[in-house]
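S.K.: So I've got this file, structure.pdb, and it contains PDB, C-alpha atoms:
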ATOM      1  CA  MET T 531       0.000   0.000   0.000
ATOM      2  CA  ASP T 532       1.259   3.466  -0.906
ATOM      3  CA  ARG T 533       0.625   5.301   2.373
ATOM      4  CA  PHE T 534       0.648   8.774   0.812
ATOM      5  CA  GLN T 535      -1.770   7.732  -1.930
ATOM      6  CA  ALA T 536      -3.986   6.053   0.669
ATOM      7  CA  MET T 537      -3.988   9.255   2.704
ATOM      8  CA  GLN T 538      -5.026  11.265  -0.367
ATOM      9  CA  MET T 539      -7.780   8.786  -1.132
ATOM     10  CA  TYR T 540      -9.079   8.790   2.435
ATOM     11  CA  VAL T 541      -9.301  12.591   2.524
ATOM     12  CA  GLN T 542     -11.161  12.552  -0.806
ATOM     13  CA  VAL T 543     -13.625   9.927   0.510
ATOM     14  CA  VAL T 544     -14.386  12.006   3.608
ATOM     15  CA  ASP T 545     -14.780  15.190   1.538
ATOM     16  CA  ALA T 546     -17.033  13.493  -1.030
ATOM     17  CA  GLY T 547     -19.041  11.503   1.520
ATOM     18  CA  SER T 548     -18.929   8.144  -0.261
ATOM     19  CA  PHE T 549     -16.620   5.705  -2.017
ATOM     20  CA  SER T 550     -18.490   6.108  -5.301
ATOM     21  CA  ALA T 551     -18.307   9.927  -5.282
ATOM     22  CA  ALA T 552     -14.610   9.846  -4.459
ATOM     23  CA  ALA T 553     -13.970   7.289  -7.203
ATOM     24  CA  ARG T 554     -15.794   9.487  -9.726
ATOM     25  CA  ILE T 555     -13.784  12.562  -8.763
ATOM     26  CA  MET T 556     -10.473  10.639  -8.861
ATOM     27  CA  ASN T 557     -11.456   8.860 -12.089
ATOM     28  CA  ILE T 558     -10.803   5.372 -10.725
ATOM     29  CA  GLY T 559     -13.001   2.386  -9.937
ATOM     30  CA  GLN T 560     -14.961   2.237  -6.687
ATOM     31  CA  PRO T 561     -13.501  -1.205  -5.754
ATOM     32  CA  ALA T 562     -10.010   0.313  -5.821
ATOM     33  CA  VAL T 563     -11.100   3.021  -3.390
ATOM     34  CA  SER T 564     -12.782   0.549  -1.032
ATOM     35  CA  LYS T 565      -9.752  -1.760  -1.110
ATOM     36  CA  THR T 566      -7.315   1.070  -0.366
ATOM     37  CA  ILE T 567      -9.340   2.348   2.603
ATOM     38  CA  ALA T 568      -9.625  -1.194   3.966
ATOM     39  CA  GLN T 569      -5.837  -1.581   3.686
ATOM     40  CA  LEU T 570      -5.340   1.748   5.429
ATOM     41  CA  GLU T 571      -7.586   0.715   8.314
ATOM     42  CA  LYS T 572      -5.710  -2.579   8.600
ATOM     43  CA  HIS T 573      -2.373  -0.749   8.614
ATOM     44  CA  LEU T 574      -3.531   1.698  11.307
ATOM     45  CA  GLU T 575      -5.372  -1.038  13.227
ATOM     46  CA  VAL T 576      -8.354   1.254  13.721
ATOM     47  CA  ARG T 577     -11.788   1.796  12.156
ATOM     48  CA  LEU T 578     -11.827   5.066  10.222
ATOM     49  CA  LEU T 579     -15.297   5.161   8.671
ATOM     50  CA  LEU T 580     -18.843   4.219   9.645
ATOM     51  CA  ARG T 581     -21.716   3.718   7.237
ATOM     52  CA  THR T 582     -24.839   5.773   8.127
ATOM     53  CA  THR T 583     -28.079   6.658   6.374
ATOM     54  CA  HIS T 584     -26.340   9.844   5.198
ATOM     55  CA  GLY T 585     -23.320   8.037   3.743
ATOM     56  CA  LEU T 586     -19.905   7.562   5.294
ATOM     57  CA  THR T 587     -19.034   9.270   8.581
ATOM     58  CA  PRO T 588     -15.572   9.307  10.150
ATOM     59  CA  THR T 589     -15.171   7.679  13.544
ATOM     60  CA  GLU T 590     -13.502   9.717  16.279
ATOM     61  CA  ALA T 591     -10.168   8.243  15.236
ATOM     62  CA  GLY T 592     -11.056   8.749  11.594
ATOM     63  CA  GLN T 593     -11.798  12.445  12.153
ATOM     64  CA  ARG T 594      -8.448  12.953  13.906
ATOM     65  CA  TYR T 595      -6.663  11.185  11.075
ATOM     66  CA  TYR T 596      -8.548  13.238   8.464
ATOM     67  CA  GLU T 597      -7.621  16.566  10.068
ATOM     68  CA  ARG T 598      -3.927  15.660  10.293
ATOM     69  CA  ALA T 599      -3.909  14.067   6.821
ATOM     70  CA  ARG T 600      -5.278  17.103   5.007
ATOM     71  CA  ILE T 601      -2.684  19.315   6.690
ATOM     72  CA  THR T 602       0.022  16.871   5.636
ATOM     73  CA  LEU T 603      -1.222  16.877   2.035
ATOM     74  CA  GLN T 604      -1.283  20.672   1.995
ATOM     75  CA  GLN T 605       2.268  20.833   3.341
ATOM     76  CA  ALA T 606       3.415  18.257   0.779
ATOM     77  CA  GLU T 607       1.983  20.362  -2.039
ATOM     78  CA  GLU T 608       3.715  23.478  -0.705
ATOM     79  CA  ALA T 609       6.988  21.538  -0.409
ATOM     80  CA  GLU T 610       6.748  20.340  -4.011
ATOM     81  CA  MET T 611       6.149  23.878  -5.244
ATOM     82  CA  ALA T 612       9.146  25.143  -3.275
ATOM     83  CA  ALA T 613      11.346  22.356  -4.661
ATOM     84  CA  ARG T 614      10.293  22.983  -8.253
ATOM     85  CA  GLY T 615      10.845  26.698  -7.917
ATOM     86  CA  ALA T 616       8.536  29.481  -9.022
ATOM     87  CA  GLY T 617       9.673  29.190 -12.633
ATOM     88  CA  LYS T 618       8.056  25.803 -13.207
ATOM     89  CA  GLY T 619       4.712  26.879 -11.771
ATOM     90  CA  LEU T 620       1.766  24.761 -10.703
ATOM     91  CA  SER T 621       0.915  21.238 -11.795
ATOM     92  CA  GLY T 622      -1.903  18.736 -11.553
ATOM     93  CA  VAL T 623      -5.583  19.517 -12.130
ATOM     94  CA  LEU T 624      -7.443  22.633 -10.979
ATOM     95  CA  ARG T 625     -11.256  22.334 -10.941
ATOM     96  CA  VAL T 626     -13.058  25.670 -11.039
ATOM     97  CA  ALA T 627     -16.796  26.355 -10.802
ATOM     98  CA  ALA T 628     -18.065  29.689 -12.091
ATOM     99  CA  ALA T 629     -21.002  31.465 -13.680
ATOM    100  CA  PRO T 630     -20.935  31.055 -17.497
ATOM    101  CA  THR T 631     -21.511  34.691 -18.456
ATOM    102  CA  PHE T 632     -19.035  36.161 -15.988
ATOM    103  CA  SER T 633     -16.412  33.592 -17.007
ATOM    104  CA  ARG T 634     -16.935  34.155 -20.737
ATOM    105  CA  LEU T 635     -16.545  37.912 -20.364
ATOM    106  CA  HIS T 636     -13.930  38.302 -17.640
ATOM    107  CA  VAL T 637     -12.017  35.064 -17.016
ATOM    108  CA  ILE T 638     -11.681  32.944 -20.153
ATOM    109  CA  PRO T 639     -10.324  35.787 -22.350
ATOM    110  CA  HIS T 640      -7.378  36.080 -19.922
ATOM    111  CA  LEU T 641      -6.995  32.375 -19.126
ATOM    112  CA  ALA T 642      -4.171  31.788 -21.629
ATOM    113  CA  ARG T 643      -1.906  34.052 -19.572
ATOM    114  CA  PHE T 644      -2.497  31.977 -16.427
ATOM    115  CA  MET T 645      -1.999  28.687 -18.251
ATOM    116  CA  ASP T 646       1.166  29.946 -19.955
ATOM    117  CA  GLN T 647       2.573  30.719 -16.505
ATOM    118  CA  HIS T 648       1.804  27.152 -15.384
ATOM    119  CA  PRO T 649       2.384  24.822 -18.364
ATOM    120  CA  GLN T 650       2.116  21.672 -16.209
ATOM    121  CA  LEU T 651      -1.357  22.626 -14.921
ATOM    122  CA  LYS T 652      -4.641  21.336 -16.337
ATOM    123  CA  VAL T 653      -7.726  23.506 -15.750
ATOM    124  CA  ASP T 654     -11.234  22.049 -15.662
ATOM    125  CA  ILE T 655     -13.915  24.776 -15.518
ATOM    126  CA  VAL T 656     -17.499  23.843 -14.591
ATOM    127  CA  LEU T 657     -19.794  26.566 -15.938
ATOM    128  CA  ASP T 658     -23.124  26.766 -14.140
ATOM    129  CA  ASP T 659     -25.235  29.630 -12.800
ATOM    130  CA  ARG T 660     -26.710  27.365 -10.118
ATOM    131  CA  PRO T 661     -24.979  26.662  -6.792
ATOM    132  CA  ILE T 662     -23.238  23.288  -6.773
ATOM    133  CA  ASP T 663     -21.847  21.060  -4.038
ATOM    134  CA  LEU T 664     -18.145  21.872  -4.113
ATOM    135  CA  VAL T 665     -17.078  18.799  -2.182
ATOM    136  CA  ALA T 666     -19.222  16.314  -4.100
ATOM    137  CA  GLU T 667     -18.056  17.750  -7.430
ATOM    138  CA  GLY T 668     -14.390  17.871  -6.423
ATOM    139  CA  ILE T 669     -14.181  21.649  -6.934
ATOM    140  CA  ASP T 670     -11.027  23.452  -5.765
ATOM    141  CA  ILE T 671     -12.392  26.982  -6.107
ATOM    142  CA  CYS T 672     -15.778  28.477  -6.959
ATOM    143  CA  LEU T 673     -16.374  32.045  -8.147
ATOM    144  CA  ARG T 674     -19.657  33.277  -6.669
ATOM    145  CA  MET T 675     -21.361  36.645  -6.799
ATOM    146  CA  GLY T 676     -23.642  38.200  -4.220
ATOM    147  CA  THR T 677     -24.220  37.306  -0.579
ATOM    148  CA  LEU T 678     -22.751  34.084   0.757
ATOM    149  CA  ASN T 679     -25.356  32.084   2.669
ATOM    150  CA  ASP T 680     -23.114  29.195   3.719
ATOM    151  CA  SER T 681     -21.521  30.134   7.046
ATOM    152  CA  SER T 682     -19.158  27.147   6.817
ATOM    153  CA  ALA T 683     -17.660  28.296   3.515
ATOM    154  CA  VAL T 684     -14.063  29.464   3.367
ATOM    155  CA  ALA T 685     -14.181  32.549   1.166
ATOM    156  CA  ARG T 686     -12.154  35.537   0.027
ATOM    157  CA  LYS T 687     -13.659  38.666  -1.537
ATOM    158  CA  LEU T 688     -11.984  39.427  -4.852
ATOM    159  CA  ALA T 689     -13.806  42.492  -6.190
ATOM    160  CA  THR T 690     -16.925  44.649  -5.975
ATOM    161  CA  THR T 691     -18.924  46.356  -8.709
ATOM    162  CA  ARG T 692     -22.061  48.447  -8.935
ATOM    163  CA  ARG T 693     -25.470  47.253 -10.048
ATOM    164  CA  SER T 694     -27.440  49.382 -12.489
ATOM    165  CA  VAL T 695     -30.776  49.652 -14.221
ATOM    166  CA  LEU T 696     -29.961  48.845 -17.842
ATOM    167  CA  ALA T 697     -31.667  48.845 -21.227
ATOM    168  CA  THR T 698     -30.821  49.469 -24.864
ATOM    169  CA  PRO T 699     -31.387  52.850 -26.540
ATOM    170  CA  ALA T 700     -33.912  51.196 -28.879
ATOM    171  CA  TYR T 701     -36.008  49.869 -25.972
ATOM    172  CA  LEU T 702     -35.909  53.233 -24.179
ATOM    173  CA  ALA T 703     -36.877  55.092 -27.366
ATOM    174  CA  ARG T 704     -39.872  52.779 -27.716
ATOM    175  CA  CYS T 705     -40.998  52.595 -24.072
ATOM    176  CA  GLY T 706     -39.612  55.756 -22.483
ATOM    177  CA  TYR T 707     -37.017  56.545 -19.836
ATOM    178  CA  PRO T 708     -38.078  55.808 -16.227
ATOM    179  CA  GLN T 709     -37.735  58.891 -14.022
ATOM    180  CA  HIS T 710     -38.411  57.173 -10.697
ATOM    181  CA  PRO T 711     -37.999  53.569  -9.473
ATOM    182  CA  GLN T 712     -41.769  53.122  -9.310
ATOM    183  CA  ASP T 713     -41.916  53.836 -13.050
ATOM    184  CA  LEU T 714     -40.339  50.406 -13.549
ATOM    185  CA  THR T 715     -43.713  48.809 -12.771
ATOM    186  CA  GLN T 716     -44.891  50.180 -16.134
ATOM    187  CA  HIS T 717     -41.942  48.680 -18.024
ATOM    188  CA  GLN T 718     -41.140  45.268 -19.459
ATOM    189  CA  THR T 719     -38.762  44.096 -16.742
ATOM    190  CA  LEU T 720     -36.453  41.137 -17.259
ATOM    191  CA  VAL T 721     -35.863  39.052 -14.132
ATOM    192  CA  PHE T 722     -33.046  36.653 -13.303
ATOM    193  CA  SER T 723     -35.044  33.915 -11.596
ATOM    194  CA  GLN T 724     -32.216  32.906  -9.255
ATOM    195  CA  LEU T 725     -32.300  36.339  -7.609
ATOM    196  CA  ASN T 726     -34.945  38.158  -5.616
ATOM    197  CA  ASN T 727     -37.285  40.201  -7.813
ATOM    198  CA  LEU T 728     -37.590  42.854  -5.081
ATOM    199  CA  TRP T 729     -35.403  45.745  -6.228
ATOM    200  CA  ARG T 730     -34.309  48.152  -3.468
ATOM    201  CA  PHE T 731     -33.169  51.677  -4.330
ATOM    202  CA  THR T 732     -31.693  54.407  -2.138
ATOM    203  CA  ARG T 733     -31.094  58.098  -2.644
ATOM    204  CA  THR T 734     -30.034  60.667  -0.066
ATOM    205  CA  GLY T 735     -32.735  60.442   2.598
ATOM    206  CA  GLU T 736     -34.993  58.209   0.486
ATOM    207  CA  GLU T 737     -35.642  54.514   0.003
ATOM    208  CA  GLU T 738     -37.798  52.852  -2.629
ATOM    209  CA  SER T 739     -38.627  49.186  -3.221
ATOM    210  CA  VAL T 740     -40.037  47.841  -6.462
ATOM    211  CA  THR T 741     -41.285  44.316  -7.084
ATOM    212  CA  ALA T 742     -40.546  43.405 -10.688
ATOM    213  CA  GLU T 743     -43.656  41.674 -12.060
ATOM    214  CA  SER T 744     -42.093  40.327 -15.211
ATOM    215  CA  ARG T 745     -43.615  38.282 -18.007
ATOM    216  CA  LEU T 746     -40.159  36.873 -18.679
ATOM    217  CA  HIS T 747     -38.020  35.111 -16.067
ATOM    218  CA  LEU T 748     -34.673  33.632 -17.107
ATOM    219  CA  SER T 749     -32.637  31.101 -15.150
ATOM    220  CA  ALA T 750     -29.262  32.033 -16.639
ATOM    221  CA  ALA T 751     -27.458  35.363 -16.870
ATOM    222  CA  GLU T 752     -26.731  34.711 -20.549
ATOM    223  CA  GLY T 753     -30.482  34.769 -21.143
ATOM    224  CA  ILE T 754     -30.758  38.173 -19.465
ATOM    225  CA  ARG T 755     -27.999  39.507 -21.702
ATOM    226  CA  ALA T 756     -29.632  38.143 -24.838
ATOM    227  CA  ALA T 757     -33.048  39.562 -23.934
ATOM    228  CA  VAL T 758     -31.670  43.010 -23.114
ATOM    229  CA  LEU T 759     -29.604  43.151 -26.309
ATOM    230  CA  ALA T 760     -32.705  42.103 -28.289
ATOM    231  CA  ASP T 761     -34.447  45.274 -27.000
ATOM    232  CA  MET T 762     -36.982  43.167 -25.069
ATOM    233  CA  GLY T 763     -36.928  45.033 -21.767
ATOM    234  CA  ILE T 764     -35.157  46.649 -18.861
ATOM    235  CA  THR T 765     -33.231  44.878 -16.113
ATOM    236  CA  ILE T 766     -31.000  45.258 -13.084
ATOM    237  CA  ALA T 767     -27.597  43.649 -13.440
ATOM    238  CA  SER T 768     -24.004  44.007 -12.345
ATOM    239  CA  ASP T 769     -21.889  46.247 -14.517
ATOM    240  CA  TRP T 770     -19.687  43.175 -15.103
ATOM    241  CA  MET T 771     -22.467  41.604 -17.153
ATOM    242  CA  PHE T 772     -22.598  44.469 -19.663
ATOM    243  CA  SER T 773     -19.198  46.108 -19.221
ATOM    244  CA  GLN T 774     -18.303  46.515 -22.910
ATOM    245  CA  GLU T 775     -21.859  47.439 -23.930
ATOM    246  CA  ILE T 776     -21.954  50.186 -21.282
ATOM    247  CA  ILE T 777     -18.635  51.551 -22.550
ATOM    248  CA  ASN T 778     -19.690  51.609 -26.216
ATOM    249  CA  GLY T 779     -23.258  52.809 -25.572
ATOM    250  CA  THR T 780     -25.028  49.656 -26.762
ATOM    251  CA  VAL T 781     -26.625  49.511 -23.294
ATOM    252  CA  LEU T 782     -27.466  52.559 -21.187
ATOM    253  CA  ARG T 783     -27.726  53.110 -17.443
ATOM    254  CA  VAL T 784     -30.921  54.810 -16.282
ATOM    255  CA  LEU T 785     -32.063  56.098 -12.869
ATOM    256  CA  THR T 786     -28.405  56.848 -12.198
ATOM    257  CA  GLU T 787     -29.214  59.185  -9.290
ATOM    258  CA  TRP T 788     -30.552  56.165  -7.392
ATOM    259  CA  GLN T 789     -28.214  53.571  -5.876
ATOM    260  CA  LEU T 790     -28.625  49.811  -5.731
ATOM    261  CA  PRO T 791     -26.613  47.510  -3.439
ATOM    262  CA  ASP T 792     -23.197  46.723  -4.874
ATOM    263  CA  ILE T 793     -22.401  43.117  -5.746
ATOM    264  CA  ASP T 794     -19.321  41.249  -4.562
ATOM    265  CA  LEU T 795     -17.319  38.512  -6.262
ATOM    266  CA  TRP T 796     -16.050  35.814  -3.912
ATOM    267  CA  ALA T 797     -13.554  33.014  -4.254
ATOM    268  CA  VAL T 798     -15.154  30.160  -2.302
ATOM    269  CA  PHE T 799     -13.162  27.118  -1.251
ATOM    270  CA  PRO T 800     -14.610  23.795  -0.051
ATOM    271  CA  GLY T 801     -15.446  23.994   3.643
ATOM    272  CA  GLY T 802     -13.542  21.907   6.135
ATOM    273  CA  ARG T 803     -10.226  21.864   4.347
ATOM    274  CA  MET T 804      -7.405  24.220   3.461
ATOM    275  CA  ALA T 805      -7.420  25.910   0.081
ATOM    276  CA  THR T 806      -4.849  24.428  -2.274
ATOM    277  CA  ALA T 807      -1.980  26.475  -3.635
ATOM    278  CA  LYS T 808      -3.523  26.114  -7.109
ATOM    279  CA  ALA T 809      -6.819  27.546  -5.888
ATOM    280  CA  ARG T 810      -5.189  30.446  -4.065
ATOM    281  CA  GLN T 811      -3.102  31.428  -7.086
ATOM    282  CA  PHE T 812      -6.135  31.223  -9.377
ATOM    283  CA  ALA T 813      -8.062  33.502  -7.006
ATOM    284  CA  SER T 814      -5.244  36.051  -7.198
ATOM    285  CA  PHE T 815      -5.227  35.745 -10.998
ATOM    286  CA  VAL T 816      -8.993  36.481 -11.240
ATOM    287  CA  GLU T 817      -8.568  39.386  -8.836
ATOM    288  CA  SER T 818      -5.891  40.841 -11.133
ATOM    289  CA  CYS T 819      -8.159  40.476 -14.166
ATOM    290  CA  LEU T 820     -10.759  42.754 -12.539
ATOM    291  CA  GLN T 821      -8.408  45.546 -11.548
ATOM    292  CA  PRO T 822      -9.417  48.888 -13.138
TER     293      PRO T 822
END
Starting from the file, give its structure as C-alpha cells.

M.R.:
Amino acid sequence: MDRFQAMQMYVQVVDAGSFSAAARIMNIGQPAVSKTIAQLEKHLEVRLLLRTTHGLTPTEAGQRYYERARITLQQAEEAEMAARGAGKGLSGVLRVAAAPTFSRLHVIPHLARFMDQHPQLKVDIVLDDRPIDLVAEGIDICLRMGTLNDSSAVARKLATTRRSVLATPAYLARCGYPQHPQDLTQHQTLVFSQLNNLWRFTRTGEEESVTAESRLHLSAAEGIRAAVLADMGITIASDWMFSQEIINGTVLRVLTEWQLPDIDLWAVFPGGRMATAKARQFASFVESCLQP
C-alpha cells in the first residue's frame, strides 16, 4: 500500500461523503477506493469510517486522522512547489466552478496568460449559474457573486462592482425613460429567476422598493444579456455583465441618481479543508483580471 496515496484517497472519501463519489472525482473504480481504505484501516489497526443513512461518517479516530492528513497533504503540495521553484509553476488539475456569463466575459479571455505561466497545470472549468456542491463535485475553487449564505464556507472577496438599471437605446426610445424607481412597474422588466425580484433603491434620505412583475423570467445570466440586447426590456444587473456594452453605448444606465446595493465577487473554497496552492493562485489571478 502506498501510504501517501492512501492518505489522499481517504481525505477525498471524507470530503465526497462516499466511495463512489470519491472514485468518480479521482477517475478510478470504486472497488479500488474501497480496497485502499480497507488496507489503510488494517495498517492503522483502527476503524476510520462508519456507514450511516447519510453516507460515510468518520469515527472519532477517523476524524483525527482526516484533520492531520489534510494538513500533511497541503504541506506536501507546498513543499513540491518550493522544490520545483517558481519558474516551473503549478501542476496537476485545478477544478473551477463559475457562472458562465461572468467567465466568458472576464475570465476565459485572460486564461491563456495563467496557463502559460503554469504549463504543467490542467484547468477544468465547470460553468453553471446554479450553486453546486463543491465537495461532491471535487471543486477546488468556486467564483460566486452576491451574498454568501453558507456560514461554513471558506471565502475571500476578490472584487466589488455596482449594479445598475440597464436597457438598450432602442427599448428606451420605444418605451420611455423611467424617471423614478416606481416607473419600472410600467416597463417590461427582465428578471433573473435565481435572484430576488424585489429591487431596493436608495437616494439621499430616500428609500424605494419595487417588485418586478415580469412576463419573462430567465434562469441564466446569458439569457438576461440576450433579452436586453434584443431590445426586449429593462433589467437590473451588475456592470460586469454588460461592461463593454456600457462603454460603447449599446446599453445605457438609467435612474443613475438612485443607488442599488453593490455586488461582490467571492472566491469560495470547499469547507472543512485548506485551500490548495492552485486555488489560491487562481483567485489572485482572477482578482488581477478585474483591476481597473

S.K.: Applying 10 Å and all atoms listed in the file, which residues near Leu657 in chain T remain after dropping the ones on its own chain fewer than 4 positions away? List them as a list of chain:residue names.

M.R.: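 The residues satisfying every condition are T:Val626, T:Ala627, T:Ala628, T:Ala629, T:Pro630, T:Thr631, T:Phe632, T:Ser633, T:Arg634.
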
S.K.: Would you please work out which residue, of T:Val576, T:Val656, T:Ile638, T:Ile669, is nearest to Asp545 in chain T when using all atoms listed in the file?

M.R.: T:Ile669

S.K.: Have a look at T:Trp796, T:Phe731, T:Tyr596, T:Phe772 and name the one nearest to Leu578 in chain T; count only C-alpha atoms.

M.R.: T:Tyr596

S.K.: Applying the PyMOL selection byres ((chain T and resi 561-567) around 9) to the file I just gave you, which residues come out? Please list them as an mmCIF file with C-alpha atoms, in the coordinates of the input.

M.R.:
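selection_2.cif, written as the output of this step:
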data_model
loop_
_atom_site.group_PDB
_atom_site.id
_atom_site.type_symbol
_atom_site.label_atom_id
_atom_site.label_comp_id
_atom_site.auth_asym_id
_atom_site.auth_seq_id
_atom_site.Cartn_x
_atom_site.Cartn_y
_atom_site.Cartn_z
ATOM 1 C CA MET T 531 0.000 0.000 0.000
ATOM 2 C CA ASP T 532 1.259 3.466 -0.906
ATOM 3 C CA GLN T 535 -1.770 7.732 -1.930
ATOM 4 C CA ALA T 536 -3.986 6.053 0.669
ATOM 5 C CA MET T 537 -3.988 9.255 2.704
ATOM 6 C CA MET T 539 -7.780 8.786 -1.132
ATOM 7 C CA TYR T 540 -9.079 8.790 2.435
ATOM 8 C CA VAL T 543 -13.625 9.927 0.510
ATOM 9 C CA PHE T 549 -16.620 5.705 -2.017
ATOM 10 C CA SER T 550 -18.490 6.108 -5.301
ATOM 11 C CA ALA T 552 -14.610 9.846 -4.459
ATOM 12 C CA ALA T 553 -13.970 7.289 -7.203
ATOM 13 C CA ILE T 558 -10.803 5.372 -10.725
ATOM 14 C CA GLY T 559 -13.001 2.386 -9.937
ATOM 15 C CA GLN T 560 -14.961 2.237 -6.687
ATOM 16 C CA ALA T 568 -9.625 -1.194 3.966
ATOM 17 C CA GLN T 569 -5.837 -1.581 3.686
ATOM 18 C CA LEU T 570 -5.340 1.748 5.429
ATOM 19 C CA GLU T 571 -7.586 0.715 8.314
ATOM 20 C CA LYS T 572 -5.710 -2.579 8.600
ATOM 21 C CA LEU T 578 -11.827 5.066 10.222
ATOM 22 C CA LEU T 579 -15.297 5.161 8.671
#

S.K.: Taking all atoms of range 632-649 of chain T that appear in the file, build a box with edges along x, y and z, extend it by 8 Å on every side, and state its centre and edge lengths in Å to one decimal, as JSON.

M.R.:
{"center_x": -8.2, "center_y": 31.6, "center_z": -18.9, "size_x": 37.6, "size_y": 29.5, "size_z": 23.0}

S.K.: Enumerate, as number ranges by chain, the protein, DNA and RNA residues whose atoms approach (-37.6, 61.0, -9.8) to within 9 Å, taking into account all atoms listed in the file and the coordinate frame of the file.

M.R.: T: 708-713, 785, 787-788

S.K.: With the file shown as input, list the residues that the PyMOL selection byres ((chain T and resi 749) around 9) selects, as a PyMOL selection string.

M.R.: chain T and resi 659-660+721-724+747-748+750-754

S.K.: Can you list, as a count of residues only, the residues that the PyMOL selection byres ((chain T and resi 737) around 12) selects here?

M.R.: 18

S.K.: Here is a test: counting all atoms listed in the file, which residue of T:Arg674, T:Arg783, T:His717, T:His648 is nearest to Gln811 in chain T?

M.R.: T:His648
